[in-house]
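Heads up: the structure comes next, in structure tokens.
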Amino acid sequence: MELFSHEDYLACVRTTRQVEIGEGKITLKGPYRPQAFQPPAPDVLETETVWSFPDRGEWATHSGNYRGNWSPYIPRNLILRFTQPGDVVLDQMVGGGTTLIECKLLGRTGIGVDINRDAVIVARDRLFFEHMRPPDWPPESPIDTYVGDCRKLDKVPSNWVDLIATHPPYAGIVLYSQGRVIGDLSSLKLRDYFANMRLAALEALRVLKPGKHCAILVGDTRRRLHYVPISHRVLQVFLDVGFILREDIIKLQWKTKTTRERWRGERSFYKIAHEHLFIFRKPSEEDDLPEFKNSMKWWSNSLLEDGQEPTPRT
């Protein structure tokens with residue numbers, strides 16, 4: 001991990017005001033002067049396991065022009081529910097910085113990591129905004145960004161993070177670095193992708209404090225007209241390394257560019273219109289783990305009562 005500071009960002013924009021992300025270019029416009037710094041109902045949290053945000057959210061510097069980024073309503077809900085002001089929030093695949101913007105607004109200490117330097121530049125650009133902080137808001141906390149690998153968070157101490165909130169790329173739907181960055185998860189075949197997501201899950205487990213939460217949003221795809229359950233395989237990876245599943249939230253998708261352009265008209269299958277937001281918890285010493293066995297790693301006999309063998313069919 002290499003620290004990429006606000007000063008590093010300023011040095012970059014002295015020579016260029018654009019970076020290439022995926023198949024497009026993003027213009028760097030900081031410093032910003034937003035008109036709004038929170039959603040219309042800032043303290044309203046989701047209460048059910050289906051989330052839907054037709055309005056993606058455009059307060060502060062949030063923008064939908066970073067392909068595949070998640071709605072700011074998601075990290076906002078996670079931060080408000082699972083952390084307190086000053087707590088450490090990590091996004092180990094930070095992309096355009098949506099999670100970090102919410103950390104800045106909500107007074108959390110933010111850490112953003114991305115293997116793609118251009119993504120980190122965008123994140124720093126969107127953190128560069130001026131605002132008058134209302135007196136009832138918690139004080140602003142530090143926000144650090146790094147060019148680094150989610151599989152090796154060497155600058156993050158063990159048992160130090162209060163919440164991980166991240167949205168990884170998957171299935172090559174958006175090739176963020178277009179092959180320019182070695183190790184970019186968005187460029188991997190699925191077999192390699194799951195193997196590398198296991199390394200990312202192990203690092204997440206290491207840096208998270210016992211009893212704290214790791215939230216990851218993952219979607220699925222189709223190959224040869226058949227459903228490819230990427231999210232469920234990622235779920236299995238996180239359970240295998242030792243996490244406990246706290247929540248499985250269905251997040252409905254709106255205005256998806258790839259689905260809209262690729263699958264126009266009537267088809268012989270259903271268009272995928274949801275993603276899974278898995279919220280995992282790291283076990284703590286106080287946990288009686290057998291009490292959570294049905295929310296943990298799936299063993300081959302996990303559905304059997306008291307170790308009974310299945311009855312053969314005749």
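By convention in this document, the chains of the structure tokens carry letters A, B, ... by their order, each chain's residues are numbered from 1, and ligands are numbered from 1 in the order they are shown.
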
Per-residue nearest contacts of region 98-163 of chain A to region 185-198 of chain A (9 Å; only C-alpha atoms) as CSV:
```
residue,atom,partner,partner_atom,distance
A:Ile115,CA,A:Leu185,CA,8.9
A:Cys150,CA,A:Met197,CA,8.9
A:Arg151,CA,A:Asn196,CA,7.3
```

For the contact check between region 8-69 of chain A and region 84-104 of chain A, emit one row per residue of region 8-69 of chain A within 8 Å, containing the shortest atom pair and the distance in Å rounded to one decimal, counting only C-alpha atoms, chain then rising number order, as a tab-separated table.
```
residue	atom	partner	partner_atom	distance
A:Ala60	CA	A:Ile101	CA	7.8
A:Thr61	CA	A:Ile101	CA	7.6
A:His62	CA	A:Thr98	CA	6.6
A:Tyr66	CA	A:Gly96	CA	6.3
A:Asn69	CA	A:Gly96	CA	7.0
```

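On the backbone of this structure, DSSP gives strand (DSSP E or B) within region 78-168 of chain A to A:Val88, A:Val89, A:Leu90, A:Asp91, A:Thr109, A:Gly110, A:Ile111, A:Gly112, A:Val113, A:Asp114, A:Phe129, A:Ile143, A:Asp144, A:Thr145, A:Tyr146, A:Val147, A:Asp149, A:Lys152, A:Val161, A:Asp162, A:Leu163, A:Ile164, A:Ala165, A:Thr166.
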
The selected residues should be written to file as a short mmCIF file (atom, residue, chain, number, x, y, z; two decimals), in the first residue's frame (atoms: C-alpha atoms).
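Contents of the output file selection-v9.cif:
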```
data_model
loop_
_atom_site.label_atom_id
_atom_site.label_comp_id
_atom_site.auth_asym_id
_atom_site.auth_seq_id
_atom_site.Cartn_x
_atom_site.Cartn_y
_atom_site.Cartn_z
CA VAL A 88 -12.70 3.43 11.34
CA VAL A 89 -14.45 2.49 8.09
CA LEU A 90 -12.51 0.66 5.35
CA ASP A 91 -13.38 0.34 1.67
CA THR A 109 -12.31 7.86 9.93
CA GLY A 110 -12.10 6.58 6.36
CA ILE A 111 -9.56 4.34 4.65
CA GLY A 112 -9.87 3.78 0.91
CA VAL A 113 -7.71 1.34 -1.07
CA ASP A 114 -7.70 0.59 -4.77
CA PHE A 129 -15.32 19.79 -1.50
CA ILE A 143 -9.70 10.25 5.37
CA ASP A 144 -6.70 8.35 3.95
CA THR A 145 -6.45 6.86 0.48
CA TYR A 146 -3.94 4.30 -0.76
CA VAL A 147 -2.92 2.76 -4.04
CA ASP A 149 -4.16 -4.35 -3.12
CA LYS A 152 -2.53 -7.35 1.04
CA VAL A 161 -11.30 -1.57 11.60
CA ASP A 162 -14.86 -1.04 12.86
CA LEU A 163 -16.64 -1.57 9.53
CA ILE A 164 -15.75 -2.73 6.03
CA ALA A 165 -18.11 -1.49 3.31
CA THR A 166 -17.09 -2.37 -0.23
#
```

* To do: Go through A:Gly24, A:Gly242, A:Pro168, A:Gly57 and flag the residue nearest Leu205 (chain A), using only C-alpha atoms for the distances.
  => A:Gly242

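The shortest atom-to-atom distance to Tyr73 (chain A), with only C-alpha atoms taken into account, belongs to A:Pro39 out of A:Pro39, A:Thr221, A:Asp287, A:Val50.
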
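Compared by their closest atoms to Met1 (chain A), and using only C-alpha atoms, the residues A:Thr47, A:Gln38, A:Asn116, A:Ser71 rank with A:Asn116 nearest.
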
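Shortest separation to Ile21 (chain A) among A:Arg180, A:His6, A:Arg126, A:Arg233 occurs at residue A:Arg180, atoms counted being only C-alpha atoms.
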
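Nearest to Gln178 (chain A) of all the residues A:Leu127, A:Phe53, A:Asp118, A:Tyr270 is A:Asp118, counting only C-alpha atoms.
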
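Distances here use only C-alpha atoms; by that measure, the residue among A:Trp298, A:Gly183, A:Pro75, A:Phe4 closest to Leu45 (chain A) is A:Pro75.
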
Write out as a PDB file with N, CA and C atoms, in the first residue's frame all residues of region 31-181 of chain A that backbone DSSP assigns to helix (DSSP H, G or I).
```pdb
ATOM      1  N   TYR A  73     -26.671   5.687  -0.760  1.00  0.00           N
ATOM      2  CA  TYR A  73     -27.593   5.263   0.287  1.00  0.00           C
ATOM      3  C   TYR A  73     -27.100   3.990   0.986  1.00  0.00           C
ATOM      4  N   ILE A  74     -26.350   3.153   0.257  1.00  0.00           N
ATOM      5  CA  ILE A  74     -25.904   1.886   0.848  1.00  0.00           C
ATOM      6  C   ILE A  74     -24.846   2.115   1.919  1.00  0.00           C
ATOM      7  N   PRO A  75     -23.691   2.750   1.616  1.00  0.00           N
ATOM      8  CA  PRO A  75     -22.738   2.973   2.707  1.00  0.00           C
ATOM      9  C   PRO A  75     -23.302   3.863   3.806  1.00  0.00           C
ATOM     10  N   ARG A  76     -24.169   4.803   3.467  1.00  0.00           N
ATOM     11  CA  ARG A  76     -24.756   5.654   4.502  1.00  0.00           C
ATOM     12  C   ARG A  76     -25.543   4.817   5.506  1.00  0.00           C
ATOM     13  N   ASN A  77     -26.379   3.901   4.997  1.00  0.00           N
ATOM     14  CA  ASN A  77     -27.131   3.011   5.887  1.00  0.00           C
ATOM     15  C   ASN A  77     -26.200   2.171   6.743  1.00  0.00           C
ATOM     16  N   LEU A  78     -25.159   1.618   6.132  1.00  0.00           N
ATOM     17  CA  LEU A  78     -24.234   0.745   6.855  1.00  0.00           C
ATOM     18  C   LEU A  78     -23.476   1.514   7.931  1.00  0.00           C
ATOM     19  N   ILE A  79     -22.987   2.700   7.581  1.00  0.00           N
ATOM     20  CA  ILE A  79     -22.206   3.500   8.523  1.00  0.00           C
ATOM     21  C   ILE A  79     -23.057   3.927   9.714  1.00  0.00           C
ATOM     22  N   LEU A  80     -24.284   4.387   9.450  1.00  0.00           N
ATOM     23  CA  LEU A  80     -25.139   4.853  10.534  1.00  0.00           C
ATOM     24  C   LEU A  80     -25.596   3.714  11.439  1.00  0.00           C
ATOM     25  N   ARG A  81     -25.781   2.524  10.858  1.00  0.00           N
ATOM     26  CA  ARG A  81     -26.279   1.411  11.669  1.00  0.00           C
ATOM     27  C   ARG A  81     -25.174   0.720  12.464  1.00  0.00           C
ATOM     28  N   PHE A  82     -23.974   0.612  11.892  1.00  0.00           N
ATOM     29  CA  PHE A  82     -22.961  -0.251  12.499  1.00  0.00           C
ATOM     30  C   PHE A  82     -21.755   0.483  13.094  1.00  0.00           C
ATOM     31  N   THR A  98     -17.271   6.610  -3.104  1.00  0.00           N
ATOM     32  CA  THR A  98     -18.593   6.837  -2.519  1.00  0.00           C
ATOM     33  C   THR A  98     -18.606   6.622  -1.006  1.00  0.00           C
ATOM     34  N   THR A  99     -17.998   5.530  -0.552  1.00  0.00           N
ATOM     35  CA  THR A  99     -17.958   5.237   0.874  1.00  0.00           C
ATOM     36  C   THR A  99     -17.222   6.333   1.638  1.00  0.00           C
ATOM     37  N   LEU A 100     -16.122   6.825   1.077  1.00  0.00           N
ATOM     38  CA  LEU A 100     -15.316   7.825   1.768  1.00  0.00           C
ATOM     39  C   LEU A 100     -16.026   9.168   1.865  1.00  0.00           C
ATOM     40  N   ILE A 101     -16.806   9.511   0.856  1.00  0.00           N
ATOM     41  CA  ILE A 101     -17.586  10.753   0.929  1.00  0.00           C
ATOM     42  C   ILE A 101     -18.542  10.692   2.109  1.00  0.00           C
ATOM     43  N   GLU A 102     -19.191   9.550   2.294  1.00  0.00           N
ATOM     44  CA  GLU A 102     -20.103   9.403   3.429  1.00  0.00           C
ATOM     45  C   GLU A 102     -19.346   9.413   4.755  1.00  0.00           C
ATOM     46  N   CYS A 103     -18.135   8.855   4.779  1.00  0.00           N
ATOM     47  CA  CYS A 103     -17.308   8.939   5.990  1.00  0.00           C
ATOM     48  C   CYS A 103     -17.014  10.397   6.335  1.00  0.00           C
ATOM     49  N   LYS A 104     -16.681  11.187   5.341  1.00  0.00           N
ATOM     50  CA  LYS A 104     -16.377  12.601   5.564  1.00  0.00           C
ATOM     51  C   LYS A 104     -17.597  13.336   6.112  1.00  0.00           C
ATOM     52  N   LEU A 105     -18.764  13.083   5.531  1.00  0.00           N
ATOM     53  CA  LEU A 105     -19.978  13.760   5.958  1.00  0.00           C
ATOM     54  C   LEU A 105     -20.425  13.320   7.343  1.00  0.00           C
ATOM     55  N   LEU A 106     -20.233  12.037   7.673  1.00  0.00           N
ATOM     56  CA  LEU A 106     -20.764  11.463   8.913  1.00  0.00           C
ATOM     57  C   LEU A 106     -19.735  11.411  10.043  1.00  0.00           C
ATOM     58  N   ARG A 117      -4.595   3.236  -9.641  1.00  0.00           N
ATOM     59  CA  ARG A 117      -4.233   4.594  -9.211  1.00  0.00           C
ATOM     60  C   ARG A 117      -5.223   5.631  -9.726  1.00  0.00           C
ATOM     61  N   ASP A 118      -5.727   5.435 -10.936  1.00  0.00           N
ATOM     62  CA  ASP A 118      -6.679   6.397 -11.485  1.00  0.00           C
ATOM     63  C   ASP A 118      -7.968   6.440 -10.662  1.00  0.00           C
ATOM     64  N   ALA A 119      -8.376   5.296 -10.141  1.00  0.00           N
ATOM     65  CA  ALA A 119      -9.557   5.272  -9.283  1.00  0.00           C
ATOM     66  C   ALA A 119      -9.318   6.071  -8.008  1.00  0.00           C
ATOM     67  N   VAL A 120      -8.140   5.931  -7.431  1.00  0.00           N
ATOM     68  CA  VAL A 120      -7.812   6.674  -6.212  1.00  0.00           C
ATOM     69  C   VAL A 120      -7.789   8.176  -6.489  1.00  0.00           C
ATOM     70  N   ILE A 121      -7.326   8.567  -7.668  1.00  0.00           N
ATOM     71  CA  ILE A 121      -7.335   9.984  -8.046  1.00  0.00           C
ATOM     72  C   ILE A 121      -8.779  10.499  -8.084  1.00  0.00           C
ATOM     73  N   VAL A 122      -9.689   9.712  -8.658  1.00  0.00           N
ATOM     74  CA  VAL A 122     -11.100  10.111  -8.697  1.00  0.00           C
ATOM     75  C   VAL A 122     -11.660  10.232  -7.283  1.00  0.00           C
ATOM     76  N   ALA A 123     -11.344   9.263  -6.437  1.00  0.00           N
ATOM     77  CA  ALA A 123     -11.830   9.304  -5.051  1.00  0.00           C
ATOM     78  C   ALA A 123     -11.347  10.567  -4.347  1.00  0.00           C
ATOM     79  N   ARG A 124     -10.060  10.901  -4.514  1.00  0.00           N
ATOM     80  CA  ARG A 124      -9.519  12.109  -3.883  1.00  0.00           C
ATOM     81  C   ARG A 124     -10.179  13.362  -4.452  1.00  0.00           C
ATOM     82  N   ASP A 125     -10.450  13.347  -5.759  1.00  0.00           N
ATOM     83  CA  ASP A 125     -11.122  14.490  -6.377  1.00  0.00           C
ATOM     84  C   ASP A 125     -12.489  14.719  -5.740  1.00  0.00           C
ATOM     85  N   ARG A 126     -13.224  13.658  -5.509  1.00  0.00           N
ATOM     86  CA  ARG A 126     -14.582  13.802  -4.984  1.00  0.00           C
ATOM     87  C   ARG A 126     -14.614  14.069  -3.480  1.00  0.00           C
TER      88      ARG A 126
END
```

List as a PDB file with C-alpha atoms, in the first residue's frame the protein and nucleic acid residues near Glu48 (chain A), meaning an atom at most 12 Å away when only C-alpha atoms are counted, but skip any in the same chain fewer than 5 places from it.
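What follows is the written file part_21.pdb:
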```pdb
ATOM      1  CA  ASN A  77     -27.131   3.011   5.887  1.00  0.00           C
ATOM      2  CA  GLU A 247     -27.705 -10.291   6.839  1.00  0.00           C
ATOM      3  CA  ASP A 248     -28.479 -11.067   3.188  1.00  0.00           C
ATOM      4  CA  ILE A 249     -30.098  -7.974   1.673  1.00  0.00           C
ATOM      5  CA  ILE A 250     -31.556  -7.907  -1.821  1.00  0.00           C
ATOM      6  CA  LYS A 251     -30.664  -4.607  -3.452  1.00  0.00           C
TER       7      LYS A 251
END
```
